[in-house]
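Colleague: So here's entry_5.cif (mmCIF, C-alpha atoms).
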data_target
#
loop_
_atom_site.label_atom_id
_atom_site.label_comp_id
_atom_site.auth_asym_id
_atom_site.auth_seq_id
_atom_site.Cartn_x
_atom_site.Cartn_y
_atom_site.Cartn_z
CA MET H 1 4.41 136.44 36.37
CA PRO H 2 2.15 135.77 33.34
CA ARG H 3 -1.19 137.57 33.23
CA VAL H 4 -4.20 135.45 34.27
CA HIS H 5 -7.49 135.58 32.36
CA VAL H 6 -10.42 134.01 34.23
CA GLY H 7 -13.74 132.47 33.25
CA SER H 8 -16.20 130.94 35.72
CA LEU H 9 -19.63 129.34 35.90
CA SER H 10 -21.56 127.61 38.68
CA ILE H 11 -25.02 126.09 38.24
CA THR H 12 -27.43 124.16 40.44
CA GLY H 13 -27.81 121.41 37.80
CA ASP H 14 -30.83 119.39 36.76
CA PHE H 15 -31.12 117.16 39.83
CA ARG H 16 -30.61 119.53 42.79
CA SER H 17 -32.84 122.18 44.33
CA ASN H 18 -30.03 124.38 45.65
CA ASN H 19 -26.41 125.12 44.76
CA GLU H 20 -23.97 124.11 47.51
CA ASP H 21 -20.91 125.03 45.41
CA ARG H 22 -19.05 128.28 46.01
CA PHE H 23 -16.01 129.85 44.37
CA SER H 24 -13.87 132.97 44.69
CA VAL H 25 -11.72 134.71 42.09
CA ASP H 26 -9.34 137.36 43.40
CA PRO H 27 -9.55 140.44 41.13
CA ASP H 28 -5.79 140.90 41.57
CA GLY H 29 -5.07 137.33 40.42
CA ARG H 30 -3.52 136.17 43.70
CA PHE H 31 -5.85 133.26 44.49
CA PHE H 32 -8.68 131.17 43.06
CA LEU H 33 -10.85 128.91 45.22
CA VAL H 34 -13.61 126.35 44.61
CA ALA H 35 -15.64 124.60 47.34
CA ASP H 36 -18.37 121.94 47.20
CA GLY H 37 -20.53 121.81 50.31
CA MET H 38 -22.31 118.76 51.68
CA GLY H 39 -24.90 118.07 54.33
CA GLY H 40 -28.69 118.15 54.54
CA GLN H 41 -30.89 121.17 53.91
CA SER H 42 -28.79 124.37 53.87
CA ALA H 43 -25.81 122.81 55.68
CA GLY H 44 -23.69 122.31 52.57
CA GLU H 45 -24.21 125.89 51.46
CA GLN H 46 -23.25 127.10 54.93
CA ALA H 47 -20.05 125.04 54.96
CA SER H 48 -18.82 126.07 51.50
CA GLU H 49 -19.76 129.71 52.10
CA MET H 50 -17.90 129.71 55.43
CA ALA H 51 -14.82 128.06 53.94
CA ILE H 52 -14.55 130.55 51.08
CA GLU H 53 -15.23 133.63 53.22
CA LEU H 54 -12.82 132.64 56.02
CA ILE H 55 -10.01 131.53 53.71
CA VAL H 56 -10.23 134.61 51.45
CA LYS H 57 -10.19 136.92 54.47
CA GLN H 58 -7.24 135.13 56.10
CA LEU H 59 -5.21 134.85 52.88
CA VAL H 60 -5.45 138.60 52.35
CA ALA H 61 -4.59 139.28 56.01
CA GLN H 62 -1.79 136.77 56.55
CA LEU H 63 0.00 135.95 53.30
CA ASP H 64 2.68 138.14 51.76
CA PHE H 65 2.07 137.39 48.08
CA ASP H 66 5.25 139.20 46.98
CA GLU H 67 8.06 138.06 49.25
CA SER H 68 7.19 134.77 51.00
CA SER H 69 9.35 131.66 50.77
CA GLN H 70 7.80 128.42 49.51
CA GLU H 71 7.85 126.96 53.01
CA THR H 72 6.10 130.02 54.45
CA VAL H 73 3.40 130.03 51.76
CA ILE H 74 2.53 126.36 52.31
CA GLU H 75 2.61 126.75 56.09
CA THR H 76 0.35 129.83 55.91
CA ILE H 77 -2.16 128.17 53.57
CA ASP H 78 -2.31 125.05 55.74
CA THR H 79 -2.77 127.11 58.92
CA ILE H 80 -5.60 129.08 57.30
CA VAL H 81 -7.35 125.97 55.97
CA ALA H 82 -7.00 124.26 59.38
CA PHE H 83 -8.57 127.34 61.00
CA ALA H 84 -11.52 127.18 58.57
CA ASN H 85 -11.85 123.47 59.33
CA THR H 86 -12.00 124.15 63.08
CA GLU H 87 -14.63 126.87 62.62
CA ILE H 88 -16.82 124.62 60.46
CA ILE H 89 -16.60 121.78 63.00
CA ALA H 90 -17.43 124.21 65.85
CA LEU H 91 -20.56 125.55 64.12
CA ALA H 92 -21.69 122.02 63.21
CA GLN H 93 -21.49 121.07 66.89
CA LEU H 94 -23.31 124.20 68.06
CA GLU H 95 -26.11 124.31 65.51
CA PRO H 96 -28.21 121.12 65.11
CA ARG H 97 -29.30 121.90 61.54
CA PHE H 98 -25.64 122.07 60.45
CA HIS H 99 -24.76 118.84 62.27
CA ASN H 100 -23.28 116.90 59.33
CA MET H 101 -22.02 119.78 57.23
CA GLY H 102 -18.72 119.76 55.41
CA THR H 103 -17.10 121.00 52.23
CA THR H 104 -14.31 120.25 49.79
CA LEU H 105 -11.81 122.92 48.83
CA VAL H 106 -9.35 123.37 45.97
CA PHE H 107 -7.18 126.37 45.26
CA VAL H 108 -4.57 127.93 43.07
CA VAL H 109 -2.54 130.56 44.94
CA ALA H 110 -0.01 132.79 43.15
CA ALA H 111 2.78 133.98 45.48
CA ALA H 112 6.34 135.21 44.92
CA GLY H 113 6.45 134.05 41.31
CA GLN H 114 5.14 130.53 41.95
CA PHE H 115 1.78 128.77 41.77
CA TYR H 116 0.47 126.52 44.54
CA ALA H 117 -2.35 124.09 43.67
CA GLY H 118 -3.85 121.92 46.39
CA GLY H 119 -6.96 121.04 48.32
CA ILE H 120 -9.04 118.79 50.53
CA GLY H 121 -11.76 116.43 49.31
CA ASP H 122 -12.56 115.46 45.71
CA SER H 123 -12.84 118.77 43.89
CA ARG H 124 -9.93 119.03 41.47
CA VAL H 125 -7.34 121.26 39.81
CA TYR H 126 -6.16 120.30 36.32
CA ARG H 127 -3.43 121.88 34.20
CA LEU H 128 -2.92 121.77 30.45
CA ARG H 129 0.68 122.65 29.58
CA ASN H 130 2.26 122.07 26.16
CA GLY H 131 -0.26 119.36 25.33
CA ASP H 132 0.20 117.59 28.68
CA PHE H 133 -3.05 117.36 30.70
CA GLU H 134 -2.50 116.62 34.39
CA GLN H 135 -4.56 116.45 37.58
CA LEU H 136 -2.59 118.49 40.14
CA THR H 137 -4.65 117.51 43.19
CA THR H 138 -5.34 114.14 44.81
CA ASP H 139 -8.89 113.00 45.61
CA HIS H 140 -9.46 112.23 49.29
CA SER H 141 -12.10 109.63 48.40
CA LEU H 142 -12.40 105.98 49.37
CA THR H 143 -12.07 104.93 45.73
CA GLN H 144 -8.79 106.84 45.33
CA ALA H 145 -7.51 105.17 48.50
CA LEU H 146 -8.45 101.78 46.99
CA VAL H 147 -6.65 102.72 43.74
CA ASP H 148 -3.57 103.81 45.72
CA ALA H 149 -3.64 100.46 47.54
CA GLN H 150 -3.98 98.72 44.12
CA THR H 151 -7.20 97.06 45.33
CA ILE H 152 -9.12 98.39 42.32
CA SER H 153 -7.99 99.80 38.97
CA PRO H 154 -8.38 103.46 37.92
CA GLU H 155 -10.95 102.25 35.38
CA GLU H 156 -13.01 100.57 38.10
CA ALA H 157 -12.80 103.71 40.25
CA VAL H 158 -14.79 105.73 37.68
CA THR H 159 -18.00 103.83 38.44
CA HIS H 160 -17.20 102.53 41.94
CA ARG H 161 -19.97 102.88 44.53
CA TYR H 162 -17.63 104.67 46.97
CA ARG H 163 -16.32 107.22 44.49
CA ASN H 164 -18.17 110.10 46.20
CA VAL H 165 -17.42 108.98 49.77
CA LEU H 166 -14.73 111.21 51.30
CA TYR H 167 -12.39 110.39 54.16
CA ARG H 168 -11.05 113.97 54.32
CA TYR H 169 -12.96 117.24 53.91
CA LEU H 170 -13.38 120.52 55.77
CA GLY H 171 -15.63 119.69 58.70
CA SER H 172 -13.83 116.40 59.49
CA LYS H 173 -11.08 115.90 62.05
CA GLU H 174 -8.72 115.04 59.17
CA GLY H 175 -9.61 118.28 57.36
CA GLY H 176 -6.81 120.26 58.99
CA GLU H 177 -3.97 117.87 58.18
CA GLY H 178 -2.49 119.86 55.28
CA THR H 179 -3.34 120.63 51.67
CA SER H 180 -0.24 119.08 50.00
CA PRO H 181 0.02 121.70 47.25
CA ALA H 182 1.89 121.11 44.01
CA VAL H 183 4.37 123.99 43.56
CA PHE H 184 5.63 125.15 40.18
CA GLU H 185 6.48 128.18 38.09
CA PRO H 186 3.55 129.41 35.99
CA ALA H 187 4.26 129.60 32.26
CA THR H 188 2.68 131.53 29.42
CA GLY H 189 0.18 129.28 27.66
CA ASP H 190 -0.74 127.30 30.79
CA ARG H 191 -4.45 126.54 31.17
CA TYR H 192 -6.07 125.54 34.46
CA LEU H 193 -9.42 124.09 35.43
CA LEU H 194 -10.65 124.21 39.03
CA CYS H 195 -13.87 122.21 39.38
CA THR H 196 -16.23 120.39 41.71
CA ASP H 197 -17.08 116.71 41.23
CA GLY H 198 -20.23 117.86 39.43
CA VAL H 199 -17.91 118.37 36.45
CA THR H 200 -15.93 115.14 36.74
CA ASP H 201 -19.05 113.01 37.36
CA GLY H 202 -20.25 114.00 33.88
CA VAL H 203 -17.06 114.49 31.86
CA ASP H 204 -13.99 112.26 31.50
CA ASP H 205 -10.44 113.62 31.51
CA LEU H 206 -9.93 113.21 27.77
CA THR H 207 -13.01 115.33 27.04
CA LEU H 208 -11.94 117.93 29.60
CA GLU H 209 -8.54 118.18 27.95
CA GLY H 210 -10.19 118.82 24.57
CA LEU H 211 -12.52 121.47 25.98
CA LEU H 212 -9.68 123.25 27.79
CA ALA H 213 -7.55 123.38 24.65
CA VAL H 214 -10.04 125.24 22.43
CA GLY H 215 -10.29 129.05 22.18
CA ASP H 216 -8.63 131.99 23.91
CA ASP H 217 -11.55 133.32 25.96
CA PRO H 218 -11.89 131.55 29.33
CA GLN H 219 -15.61 132.30 29.82
CA PRO H 220 -16.89 130.22 26.87
CA ILE H 221 -14.52 127.43 27.96
CA ALA H 222 -16.08 127.44 31.45
CA ALA H 223 -19.56 127.37 29.89
CA ALA H 224 -18.58 124.49 27.58
CA VAL H 225 -17.22 122.44 30.51
CA VAL H 226 -20.42 122.96 32.52
CA GLU H 227 -22.61 122.16 29.51
CA ALA H 228 -20.64 118.96 28.84
CA ALA H 229 -21.16 117.89 32.47
CA VAL H 230 -24.93 118.43 32.17
CA GLU H 231 -25.03 116.49 28.91
CA GLY H 232 -22.89 113.78 30.50
CA GLY H 233 -25.58 113.18 33.12
CA SER H 234 -24.01 114.84 36.16
CA LYS H 235 -26.46 114.77 39.05
CA ASP H 236 -24.70 117.36 41.21
CA ASN H 237 -24.12 121.10 41.30
CA ILE H 238 -21.55 121.98 38.64
CA THR H 239 -18.79 124.59 38.99
CA ALA H 240 -15.85 125.34 36.72
CA VAL H 241 -13.22 128.08 36.99
CA ILE H 242 -10.84 128.46 34.02
CA LEU H 243 -7.46 130.23 34.16
CA LEU H 244 -5.58 131.09 30.96
CA LEU H 245 -2.05 132.48 31.34
CA GLU H 246 -0.52 134.90 28.84
#
Will you turn the file into structure tokens for me?
Modeller:
Amino acid sequence: MPRVHVGSLSITGDFRSNNEDRFSVDPDGRFFLVADGMGGQSAGEQASEMAIELIVKQLVAQLDFDESSQETVIETIDTIVAFANTEIIALAQLEPRFHNMGTTLVFVVAAAGQFYAGGIGDSRVYRLRNGDFEQLTTDHSLTQALVDAQTISPEEAVTHRYRNVLYRYLGSKEGGEGTSPAVFEPATGDRYLLCTDGVTDGVDDLTLEGLLAVGDDPQPIAAAVVEAAVEGGSKDNITAVILLLE
């Protein structure tokens, strides 16, 4: 398994009073998570915090990172994410101030020599490999559904009024229906970006590819991605986690 070097940055941004994004980087390089909370007042923070805490705890407790089969890894991840979804829904029903809370989630999990990249919502995982820049996750947004149905073009989706409206997220009844991870062997030289839509609202894919390609220290790359999102006019919290494999 190649060695993973990590850089990360999360900021509130210029248009928000609080940061509802959360992320987790496993010091042993087994998993990397990013969540973007939503809901009024502190509800978004509560949802993203809960998702990260519960999923980290359950991954460490339940997943054998050394021996598990592909089927077992996916099944375990999906069970854990469904559990977090149920807990978020339960708290939202119990506590009036968290009534509409929810969160996105994306992850990269390293287990038994393979990488698993998946998620729920519209946060994203990208990979740059041998000059090929690819989004590894699918947005669970209304605009993506319209693109999939060929009702609108990918170009129209960029500025579509429903681009931030999600039909699946943690805290929704559809949030436990599986994370559909892409599964592949990691390779030396691979570069990954895990990010919230605060990044992609301000930076297009071509610019992200260029930023991800420059330099060998992941922390300045994370800072450059966040700065580009601010300069691009992003109105959300902005979080970027960079993985460089050597």
Colleague: With distances taken over only C-alpha atoms, which of H:Asp148, H:Glu134, H:Asp28, H:Glu174 is nearest to Phe65 in chain H?
Modeller: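 Answer, going by the shortest atom-to-atom distance: H:Asp28.
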Colleague: Counting all atoms listed in the file, which of H:Arg30, H:Lys173, H:Arg191, H:Arg161 gets nearest to Ala213 in chain H?
Modeller: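 Among the listed residues, H:Arg191 lies closest to Ala213 in chain H.
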Colleague: For Asp132 in chain H, which residue out of H:Asp26, H:Glu53, H:Gln58, H:Asp190 is the nearest one, using only C-alpha atoms?
Modeller: H:Asp190
Colleague: Using the chain letters and numbers from the file, give me the residues hit by the PyMOL selection byres ((chain H and resi 25) around 12), as a VMD selection string.
Modeller: chain H and resid 4 to 9 22 to 24 26 to 34 52 to 53 56 107 to 110 194 240 to 243
Colleague: In terms of the shortest atom-to-atom distance over only C-alpha atoms, which of H:Asp201, H:Leu142, H:Ala149, H:Glu177 is closest to Tyr162 in chain H?
Modeller: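 Nearest candidate to Tyr162 in chain H out of H:Asp201, H:Leu142, H:Ala149, H:Glu177: H:Leu142.
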Colleague: Tell me which residues come within 9 Å of (-11.2, 125.8, 57.9), as a PyMOL selection string, counting all atoms listed in the file in the file's coordinates.
Modeller: chain H and resi 50-52+54-55+79-89+170-171+175-176
Colleague: Which residues are close to Ile120 in chain H, i.e. within 10 Å by only C-alpha atoms, leaving aside same-chain residues fewer than 5 positions away? Reply as a short mmCIF file (atom, residue, chain, number, x, y, z; two decimals) with C-alpha atoms, in the coordinates of the input.
Modeller:
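Final output, result-v8.cif:
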data_model
loop_
_atom_site.label_atom_id
_atom_site.label_comp_id
_atom_site.auth_asym_id
_atom_site.auth_seq_id
_atom_site.Cartn_x
_atom_site.Cartn_y
_atom_site.Cartn_z
CA ALA H 35 -15.64 124.60 47.34
CA VAL H 81 -7.35 125.97 55.97
CA THR H 103 -17.10 121.00 52.23
CA THR H 104 -14.31 120.25 49.79
CA LEU H 105 -11.81 122.92 48.83
CA VAL H 106 -9.35 123.37 45.97
CA PHE H 107 -7.18 126.37 45.26
CA THR H 137 -4.65 117.51 43.19
CA THR H 138 -5.34 114.14 44.81
CA ASP H 139 -8.89 113.00 45.61
CA HIS H 140 -9.46 112.23 49.29
CA SER H 141 -12.10 109.63 48.40
CA LEU H 166 -14.73 111.21 51.30
CA TYR H 167 -12.39 110.39 54.16
CA ARG H 168 -11.05 113.97 54.32
CA TYR H 169 -12.96 117.24 53.91
CA LEU H 170 -13.38 120.52 55.77
CA GLU H 174 -8.72 115.04 59.17
CA GLY H 175 -9.61 118.28 57.36
CA GLY H 176 -6.81 120.26 58.99
CA GLU H 177 -3.97 117.87 58.18
CA GLY H 178 -2.49 119.86 55.28
CA THR H 179 -3.34 120.63 51.67
CA SER H 180 -0.24 119.08 50.00
#
Colleague: For Asp197 in chain H, list every protein, DNA or RNA residue within 8 Å, evaluated using all atoms listed in the file, and leave out those in the same chain fewer than 2 positions away; present the list as a ChimeraX atom specification.
Modeller: /H:122-124,195,199-201,236,238
Colleague: Here's the selection I'm unsure about, the PyMOL selection byres ((chain H and resi 210) around 12); applied to the file above, which residues does it give, as a ChimeraX atom specification?
Modeller: /H:128,131-133,191,203-209,211-215,221,224-225,228
